Amino acid sequence: MTTHEITLTVNGTKRELSVEPRTLLIHALRDHLGYTGPKVGCESSLCGACTVHVDGKAVKSCTLLAVQADGADVTTVEGLGAADELHPLQAAFQDEHGLQCGYCTPGVLLSALALLESEPDPSRTEIRAALEGNLCRCTGYQNIVDAVETAADRMPAAEGDD
Ligand code: FES
Ligand code: FES
């Protein structure tokens, strides 16, 4: 099988890898580079478990071939914060009990972050609309919306500290 050499900058680190033309971005991230934060759920653009940022936009990484992302900046949940230094969005999810299972939460966080970067003060309706592509099979959405609201309140102050 022919392979292609591509370069991805993942969470600020430039990575070079060799992928088949059919390789999806989610598999390049997980299987080639070891970023297991993004999850493989439906592989058909429905569940949002694979959501990452590609050049600053929330993208379902099962909908993109890795070769299409050649040269892109990618952010996965591993790039948000560390266990001892959570991103304000992660801290808000913890405080509001918006954290669900490890399967849906990484994608929810990346979709929520994309929303807050484009709309720092979203309404609850806007939050729900932004997260409609991220499914939780347990339907625990209420606390997630609360968490995004809390993060919106906190994030301007948090980023002002930089
Ligand atoms: S795995 Fe990509 S949307 Fe479900
Ligand atoms: S908590 Fe993740 S699918 Fe429900």
# chains A, B, ... in the order shown; residues from 1 in each chain; ligands from 1
$ residues_around --residues "His97 (chain A)" --least-positions-apart "5" --cutoff "12 Å" --atoms "only C-alpha atoms" --output "MDAnalysis selection string"
chainID A and resid 90:92 105 140:148 150
$ write_last_selection --atoms "N, CA and C atoms" --output "tab-separated table (two decimals), in the first residue's frame"
chain	number	residue	atom	x	y	z
A	90	GLN	N	-12.01	22.68	31.73
A	90	GLN	CA	-11.99	21.39	32.43
A	90	GLN	C	-12.35	21.57	33.91
A	91	ALA	N	-11.83	22.63	34.51
A	91	ALA	CA	-12.12	22.89	35.93
A	91	ALA	C	-13.62	23.14	36.12
A	92	ALA	N	-14.23	23.86	35.18
A	92	ALA	CA	-15.66	24.13	35.28
A	92	ALA	C	-16.46	22.84	35.14
A	105	THR	N	-16.59	12.86	26.85
A	105	THR	CA	-16.14	14.13	27.41
A	105	THR	C	-15.04	14.82	26.59
A	140	GLY	N	-26.76	12.95	29.89
A	140	GLY	CA	-26.48	13.81	31.04
A	140	GLY	C	-26.12	15.23	30.62
A	141	TYR	N	-26.95	15.86	29.87
A	141	TYR	CA	-26.57	17.12	29.24
A	141	TYR	C	-26.68	18.35	30.16
A	142	GLN	N	-27.56	18.28	31.15
A	142	GLN	CA	-27.85	19.47	31.95
A	142	GLN	C	-26.59	20.04	32.60
A	143	ASN	N	-25.81	19.17	33.24
A	143	ASN	CA	-24.61	19.63	33.92
A	143	ASN	C	-23.54	20.10	32.93
A	144	ILE	N	-23.56	19.56	31.75
A	144	ILE	CA	-22.61	20.00	30.73
A	144	ILE	C	-22.90	21.45	30.35
A	145	VAL	N	-24.16	21.76	30.16
A	145	VAL	CA	-24.54	23.15	29.81
A	145	VAL	C	-24.18	24.07	30.98
A	146	ASP	N	-24.45	23.63	32.20
A	146	ASP	CA	-24.07	24.43	33.38
A	146	ASP	C	-22.55	24.67	33.38
A	147	ALA	N	-21.79	23.65	33.07
A	147	ALA	CA	-20.33	23.77	33.10
A	147	ALA	C	-19.82	24.76	32.05
A	148	VAL	N	-20.40	24.72	30.87
A	148	VAL	CA	-19.95	25.64	29.82
A	148	VAL	C	-20.30	27.07	30.22
A	150	THR	N	-20.48	28.22	33.29
A	150	THR	CA	-19.52	28.58	34.33
A	150	THR	C	-18.17	28.91	33.72
$ residues_near_ligand --ligand "ligand 1" --cutoff "6 Å" --atoms "only C-alpha atoms and all ligand atoms" --output "PyMOL selection string"
chain A and resi 40-50+60-62
$ write_last_selection --atoms "N, CA, C and O atoms" --output "mmCIF file, in the first residue's frame"
data_model
loop_
_atom_site.group_PDB
_atom_site.id
_atom_site.type_symbol
_atom_site.label_atom_id
_atom_site.label_comp_id
_atom_site.auth_asym_id
_atom_site.auth_seq_id
_atom_site.Cartn_x
_atom_site.Cartn_y
_atom_site.Cartn_z
ATOM 1 N N VAL A 40 -12.815 6.835 19.222
ATOM 2 C CA VAL A 40 -13.519 6.344 18.040
ATOM 3 C C VAL A 40 -14.873 5.842 18.506
ATOM 4 O O VAL A 40 -14.955 4.888 19.281
ATOM 5 N N GLY A 41 -15.930 6.519 18.074
ATOM 6 C CA GLY A 41 -17.270 6.093 18.435
ATOM 7 C C GLY A 41 -17.948 5.482 17.229
ATOM 8 O O GLY A 41 -17.834 4.281 16.967
ATOM 9 N N CYS A 42 -18.631 6.320 16.482
ATOM 10 C CA CYS A 42 -19.442 5.838 15.362
ATOM 11 C C CYS A 42 -18.671 5.731 14.054
ATOM 12 O O CYS A 42 -19.067 5.003 13.159
ATOM 13 N N GLU A 43 -17.590 6.502 13.931
ATOM 14 C CA GLU A 43 -16.837 6.610 12.669
ATOM 15 C C GLU A 43 -17.727 7.039 11.511
ATOM 16 O O GLU A 43 -17.450 6.725 10.368
ATOM 17 N N SER A 44 -18.819 7.705 11.794
ATOM 18 C CA SER A 44 -19.701 8.154 10.716
ATOM 19 C C SER A 44 -20.244 9.546 10.981
ATOM 20 O O SER A 44 -21.326 9.892 10.530
ATOM 21 N N SER A 45 -19.500 10.346 11.756
ATOM 22 C CA SER A 45 -19.818 11.756 11.916
ATOM 23 C C SER A 45 -21.041 12.042 12.774
ATOM 24 O O SER A 45 -21.583 13.134 12.734
ATOM 25 N N LEU A 46 -21.462 11.054 13.573
ATOM 26 C CA LEU A 46 -22.689 11.248 14.350
ATOM 27 C C LEU A 46 -22.449 11.559 15.826
ATOM 28 O O LEU A 46 -23.178 12.333 16.427
ATOM 29 N N CYS A 47 -21.425 10.955 16.429
ATOM 30 C CA CYS A 47 -21.366 10.977 17.899
ATOM 31 C C CYS A 47 -20.496 12.080 18.490
ATOM 32 O O CYS A 47 -20.685 12.473 19.639
ATOM 33 N N GLY A 48 -19.512 12.562 17.754
ATOM 34 C CA GLY A 48 -18.662 13.641 18.245
ATOM 35 C C GLY A 48 -17.537 13.202 19.163
ATOM 36 O O GLY A 48 -16.757 14.036 19.630
ATOM 37 N N ALA A 49 -17.411 11.901 19.437
ATOM 38 C CA ALA A 49 -16.367 11.431 20.360
ATOM 39 C C ALA A 49 -14.964 11.733 19.834
ATOM 40 O O ALA A 49 -14.017 11.834 20.607
ATOM 41 N N CYS A 50 -14.841 11.876 18.533
ATOM 42 C CA CYS A 50 -13.523 12.061 17.907
ATOM 43 C C CYS A 50 -13.172 13.531 17.696
ATOM 44 O O CYS A 50 -12.168 13.832 17.042
ATOM 45 N N LYS A 60 -14.808 16.837 13.472
ATOM 46 C CA LYS A 60 -14.923 15.416 13.802
ATOM 47 C C LYS A 60 -13.839 14.690 13.010
ATOM 48 O O LYS A 60 -13.905 14.615 11.776
ATOM 49 N N SER A 61 -12.846 14.193 13.720
ATOM 50 C CA SER A 61 -11.652 13.702 13.037
ATOM 51 C C SER A 61 -11.868 12.376 12.321
ATOM 52 O O SER A 61 -10.963 11.873 11.672
ATOM 53 N N CYS A 62 -13.083 11.808 12.420
ATOM 54 C CA CYS A 62 -13.394 10.640 11.596
ATOM 55 C C CYS A 62 -13.932 11.056 10.238
ATOM 56 O O CYS A 62 -14.215 10.206 9.395
#
$ closest_atom_pairs --of "chain A" --to "ligand 2" --cutoff "8 Å" --atoms "only C-alpha atoms and all ligand atoms" --output "CSV"
residue,atom,partner,partner_atom_place_in_ligand_line,distance
A:Leu99,CA,ligand 2,1 (S),7.4
A:Gln100,CA,ligand 2,1 (S),3.8
A:Cys101,CA,ligand 2,2 (Fe),3.9
A:Gly102,CA,ligand 2,2 (Fe),6.3
A:Tyr103,CA,ligand 2,2 (Fe),5.2
A:Cys104,CA,ligand 2,2 (Fe),4.2
A:Thr105,CA,ligand 2,2 (Fe),6.2
A:Leu135,CA,ligand 2,3 (S),6.6
A:Cys136,CA,ligand 2,3 (S),3.7
A:Arg137,CA,ligand 2,3 (S),4.3
A:Cys138,CA,ligand 2,4 (Fe),3.8
A:Thr139,CA,ligand 2,4 (Fe),6.1
A:Gly140,CA,ligand 2,4 (Fe),6.4
$ atom_distance --atom1 "CA of Leu131 (chain A)" --atom2 "CA of His87 (chain A)"
18.7 Å
$ atom_distance --atom1 "CA of Pro122 (chain A)" --atom2 "CA of Val52 (chain A)"
20.4 Å
$ select_by_dssp --residues "region 8-67 of chain A" --states "strand (DSSP E or B)" --output "PyMOL selection string"
chain A and resi 8-10+13-19+24+51-54+57-60+65
$ atom_distance --atom1 "CA of Ala130 (chain A)" --atom2 "CA of Leu8 (chain A)"
25.9 Å
$ select_by_dssp --residues "region 24-112 of chain A" --states "helix (DSSP H, G or I)" --output "PyMOL selection string"
chain A and resi 25-32+66-69+77-79+88-95+105-112
$ write_last_selection --atoms "N, CA and C atoms" --output "short mmCIF file (atom, residue, chain, number, x, y, z; two decimals), in the first residue's frame"
data_model
loop_
_atom_site.label_atom_id
_atom_site.label_comp_id
_atom_site.auth_asym_id
_atom_site.auth_seq_id
_atom_site.Cartn_x
_atom_site.Cartn_y
_atom_site.Cartn_z
N LEU A 25 -8.01 10.88 10.12
CA LEU A 25 -7.25 11.68 11.09
C LEU A 25 -7.34 11.08 12.49
N ILE A 26 -8.51 10.59 12.89
CA ILE A 26 -8.65 10.01 14.23
C ILE A 26 -7.68 8.84 14.42
N HIS A 27 -7.51 8.03 13.40
CA HIS A 27 -6.60 6.89 13.52
C HIS A 27 -5.14 7.34 13.48
N ALA A 28 -4.86 8.38 12.72
CA ALA A 28 -3.48 8.91 12.71
C ALA A 28 -3.13 9.42 14.11
N LEU A 29 -4.07 10.12 14.72
CA LEU A 29 -3.80 10.66 16.05
C LEU A 29 -3.64 9.56 17.09
N ARG A 30 -4.55 8.61 17.07
CA ARG A 30 -4.54 7.58 18.11
C ARG A 30 -3.47 6.51 17.84
N ASP A 31 -3.50 5.94 16.63
CA ASP A 31 -2.70 4.75 16.36
C ASP A 31 -1.27 5.08 15.96
N HIS A 32 -1.09 6.20 15.26
CA HIS A 32 0.27 6.54 14.81
C HIS A 32 0.99 7.41 15.84
N ALA A 66 -6.28 11.80 7.05
CA ALA A 66 -5.06 12.39 7.62
C ALA A 66 -4.32 13.21 6.58
N VAL A 67 -4.30 12.73 5.34
CA VAL A 67 -3.56 13.49 4.30
C VAL A 67 -4.19 14.86 4.05
N GLN A 68 -5.50 14.97 4.32
CA GLN A 68 -6.14 16.28 4.15
C GLN A 68 -5.71 17.26 5.24
N ALA A 69 -5.23 16.71 6.34
CA ALA A 69 -4.81 17.57 7.45
C ALA A 69 -3.31 17.85 7.41
N VAL A 77 -7.64 16.76 23.39
CA VAL A 77 -7.92 17.05 24.80
C VAL A 77 -6.63 17.03 25.63
N GLU A 78 -5.63 16.30 25.17
CA GLU A 78 -4.35 16.28 25.89
C GLU A 78 -3.69 17.66 25.89
N GLY A 79 -4.08 18.49 24.94
CA GLY A 79 -3.47 19.81 24.82
C GLY A 79 -4.17 20.89 25.63
N PRO A 88 -9.37 26.10 32.35
CA PRO A 88 -10.57 26.60 33.04
C PRO A 88 -11.85 25.87 32.61
N LEU A 89 -11.90 25.44 31.38
CA LEU A 89 -13.08 24.70 30.91
C LEU A 89 -13.15 23.33 31.61
N GLN A 90 -12.01 22.68 31.73
CA GLN A 90 -11.99 21.39 32.43
C GLN A 90 -12.35 21.57 33.91
N ALA A 91 -11.83 22.63 34.51
CA ALA A 91 -12.12 22.89 35.93
C ALA A 91 -13.62 23.14 36.12
N ALA A 92 -14.23 23.86 35.18
CA ALA A 92 -15.66 24.13 35.28
C ALA A 92 -16.46 22.84 35.14
N PHE A 93 -16.03 21.95 34.26
CA PHE A 93 -16.71 20.67 34.13
C PHE A 93 -16.60 19.86 35.42
N GLN A 94 -15.44 19.94 36.05
CA GLN A 94 -15.26 19.23 37.32
C GLN A 94 -16.18 19.82 38.38
N ASP A 95 -16.20 21.15 38.49
CA ASP A 95 -16.97 21.81 39.54
C ASP A 95 -18.48 21.61 39.36
N THR A 105 -16.59 12.86 26.85
CA THR A 105 -16.14 14.13 27.41
C THR A 105 -15.04 14.82 26.59
N PRO A 106 -14.03 14.12 26.09
CA PRO A 106 -13.01 14.84 25.31
C PRO A 106 -13.60 15.61 24.13
N GLY A 107 -14.51 14.99 23.42
CA GLY A 107 -15.13 15.67 22.29
C GLY A 107 -16.01 16.83 22.71
N VAL A 108 -16.73 16.64 23.82
CA VAL A 108 -17.58 17.71 24.35
C VAL A 108 -16.71 18.93 24.70
N LEU A 109 -15.58 18.67 25.35
CA LEU A 109 -14.70 19.78 25.74
C LEU A 109 -14.20 20.54 24.52
N LEU A 110 -13.81 19.84 23.49
CA LEU A 110 -13.26 20.53 22.30
C LEU A 110 -14.35 21.31 21.57
N SER A 111 -15.57 20.77 21.52
CA SER A 111 -16.67 21.52 20.90
C SER A 111 -17.01 22.75 21.73
N ALA A 112 -17.02 22.58 23.07
CA ALA A 112 -17.34 23.71 23.94
C ALA A 112 -16.28 24.80 23.83
#
$ closest_residue --among "A:Leu113, A:Met155, A:Thr7, A:Leu64" --to "Leu24 (chain A)" --atoms "only C-alpha atoms"
A:Leu64
